[in-house]
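Colleague: Please find one structure pasted underneath; my questions will follow.
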Amino acid sequence: MIGTRKIVYPDTVVWNCLFDEATDPARLRAQLHEHGLDLAYSSHVLYELSRTFRGTRPSSQQRATELFLRFKSFVEQDFPYLRQNVSVLLDESEAADGNISGVQPFGGTEYSLFRSRVERLSSGNFDSQTDFAVTYRNSQVQELRSSIKQGEYTKLTELAGMTLSKFIEAAGRTHSRNILKAHLAGVREGALGSDLTRLAKRILRTRSYRVSHAFVWTDLFLTWRKERNGALRRDAADDCYHLVNASYCDIYGTCDEDQKAYAPTVLPHVKFAHYDRTKSVTEWLCSLS
């Protein structure tokens, strides 16, 4: 929540629906404010939209440019920007260590870089720098899946017959600290293992460090899903990255009805909202208040 307004975080498919309906961003924001709501976007939305430039269809380049022209019109309205997950994770670790007074998940210095990338892509300029950024983000997302292949996670196989909520509760008691420790190692370079263990333990004592907890819960979910199904859906890691992004928001919105089976368990403090496309996106968003 920012001020008195609840923050809605839509995934990329919902953003595409807004663009396809030629939604006026200024009018939408005024309507949302009347209902005590606001809309947030993240760099992960930019990343997923950017992949359209890599499409093989003759119209991919034109479609991608049109998407970013519409996205630019929203960015120009200064909707809340969610900082990158790893940046917030670092801040949470610094706050838990007493080095900073609090965590700011919105805005920050990286917002100017985000805006400049949207501006560049809206002119159809998918340059090598942006191509590298997309590749790098893809590697970040895939790190959510890489932990599943580690030997320690094979110990959880016998628990996979549980429901997801029971699995997270049981596996979380024994594995949460090590899962978070692995993520912290990526943002606290050079830190000793013992220091990371101490820090992970401190962070997990309070639910206020939302990104840290979301990384743990999404890791556990992906482990459970893989053991139950034998494989993961291609977009499972991307969906989970959105869930981590949404952890500091009030409402998470998606067109993917399948997520209803796990998102409320993985992100219990955030309201899950499914957009079934039976009404306009604006009408649906305003109804979430």
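Quick note on naming: the chains in the structure tokens go A, B, ... in the order shown, residues restart at 1 in each chain, and ligands are numbered from 1 in order of appearance.
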Tell me which protein, DNA and RNA residues are within 12 Å of A:Ser247, counting only C-alpha atoms, leaving out same-chain ones fewer than 3 positions away, and put them as number ranges by chain.
Modeller: A: 1, 7-9, 40, 82-85, 88-89, 105-106, 207-218, 240-244, 250-252, 263-264, 266-272
Colleague: Residues at most 9 Å from A:Ser93, counting only C-alpha atoms, excluding those fewer than 6 positions away in the same chain, as a ChimeraX atom specification?
Modeller: /A:99,184,187-188,199-200,203,209,212
Colleague: Kindly give the distance, in Å, that separates atom CA of A:Phe114 and atom CA of A:Ser43, rounded to a single decimal.
Modeller: 6.9 Å
Colleague: Restricting the calculation to only C-alpha atoms: of A:Gly161, A:Arg57, A:Thr52, A:Glu94, which residue gets closest to A:Glu227?
Modeller: A:Gly161
Colleague: Identify, on the basis of only C-alpha atoms, every residue whose closest approach to stretch 16-24 of chain A does not exceed 8 Å; exclude the query and any residue fewer than 5 positions from it along the same chain; express the result as a list in words.
Modeller: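 After dropping sequence-adjacent residues, the list is Leu67, Arg70, Phe71, Ser280, Val281 and Thr282 of chain A.
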Colleague: Please identify which residues in stretch 14-182 of chain A DSSP calls strand (DSSP E or B) from the backbone, and express them as JSON, numbers by chain.
Modeller: {"A": [37, 38, 39, 41, 42, 81, 82, 106]}
Colleague: Export, as a PDB file, in the first residue's frame, the selected residues with N, CA and C atoms.
Modeller:
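What ended up in selection_17.pdb:
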ATOM      1  N   LEU A  37      -7.195   2.621  -5.432  1.00  0.00           N
ATOM      2  CA  LEU A  37      -6.239   1.677  -6.002  1.00  0.00           C
ATOM      3  C   LEU A  37      -5.162   2.391  -6.807  1.00  0.00           C
ATOM      4  N   ASP A  38      -4.067   1.700  -7.049  1.00  0.00           N
ATOM      5  CA  ASP A  38      -3.053   2.149  -7.989  1.00  0.00           C
ATOM      6  C   ASP A  38      -2.435   0.914  -8.622  1.00  0.00           C
ATOM      7  N   LEU A  39      -1.751   1.117  -9.736  1.00  0.00           N
ATOM      8  CA  LEU A  39      -1.202   0.021 -10.522  1.00  0.00           C
ATOM      9  C   LEU A  39       0.322   0.091 -10.474  1.00  0.00           C
ATOM     10  N   TYR A  41       4.163  -1.535 -11.947  1.00  0.00           N
ATOM     11  CA  TYR A  41       4.866  -2.353 -12.940  1.00  0.00           C
ATOM     12  C   TYR A  41       6.292  -2.592 -12.462  1.00  0.00           C
ATOM     13  N   SER A  42       6.957  -3.526 -13.126  1.00  0.00           N
ATOM     14  CA  SER A  42       8.309  -3.904 -12.727  1.00  0.00           C
ATOM     15  C   SER A  42       9.181  -4.103 -13.963  1.00  0.00           C
ATOM     16  N   TYR A  81       6.688   2.117  -9.549  1.00  0.00           N
ATOM     17  CA  TYR A  81       7.655   1.178 -10.127  1.00  0.00           C
ATOM     18  C   TYR A  81       8.237   0.308  -9.018  1.00  0.00           C
ATOM     19  N   LEU A  82       8.162  -1.007  -9.194  1.00  0.00           N
ATOM     20  CA  LEU A  82       8.734  -1.948  -8.238  1.00  0.00           C
ATOM     21  C   LEU A  82      10.181  -2.227  -8.604  1.00  0.00           C
ATOM     22  N   PHE A 106       9.737   0.442  -3.786  1.00  0.00           N
ATOM     23  CA  PHE A 106       9.286   1.217  -4.943  1.00  0.00           C
ATOM     24  C   PHE A 106      10.286   2.312  -5.309  1.00  0.00           C
TER      25      PHE A 106
END
Colleague: Output as number ranges by chain all residues of stretch 11-176 of chain A that backbone DSSP marks as helix (DSSP H, G or I).
Modeller: A: 12-20, 25-34, 43-54, 60-75, 85-96, 110-122, 128-149, 151-159, 164-176
Colleague: Report, in Å to a single decimal, how far apart atom CA of A:Leu204 and atom CA of A:Leu180 are.
Modeller: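 Pair atom CA of A:Leu180 / atom CA of A:Leu204 returns 8.6 Å.
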Colleague: Which residues are near A:Ala160? Cut-off 8 Å, only C-alpha atoms, ignore same chain within fewer than 6 positions. Put them as JSON, numbers by chain.
Modeller: {"A": [167, 224, 227, 228]}
Colleague: Just to be explicit: take each residue in the selection above, keep C-alpha atoms, and write the result as a tab-separated table (two decimals), in the first residue's frame.
Modeller:
chain	number	residue	atom	x	y	z
A	167	PHE	CA	4.66	-29.19	1.98
A	224	TRP	CA	6.91	-29.46	-5.04
A	227	GLU	CA	8.28	-33.65	-7.92
A	228	ARG	CA	4.52	-33.94	-8.47
Colleague: Between atom CA of A:Ser165 and atom CA of A:Val103, what is the spacing in Å?
Modeller: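 Interatomic distance, atom CA of A:Val103 to atom CA of A:Ser165: 27.8 Å.
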Colleague: Taking only C-alpha atoms into account, name the residue in A:Ala26, A:Val13, A:Ala273, A:Leu220 that is nearest to A:Asn178.
Modeller: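 Distance minimum relative to A:Asn178 lands on A:Leu220.
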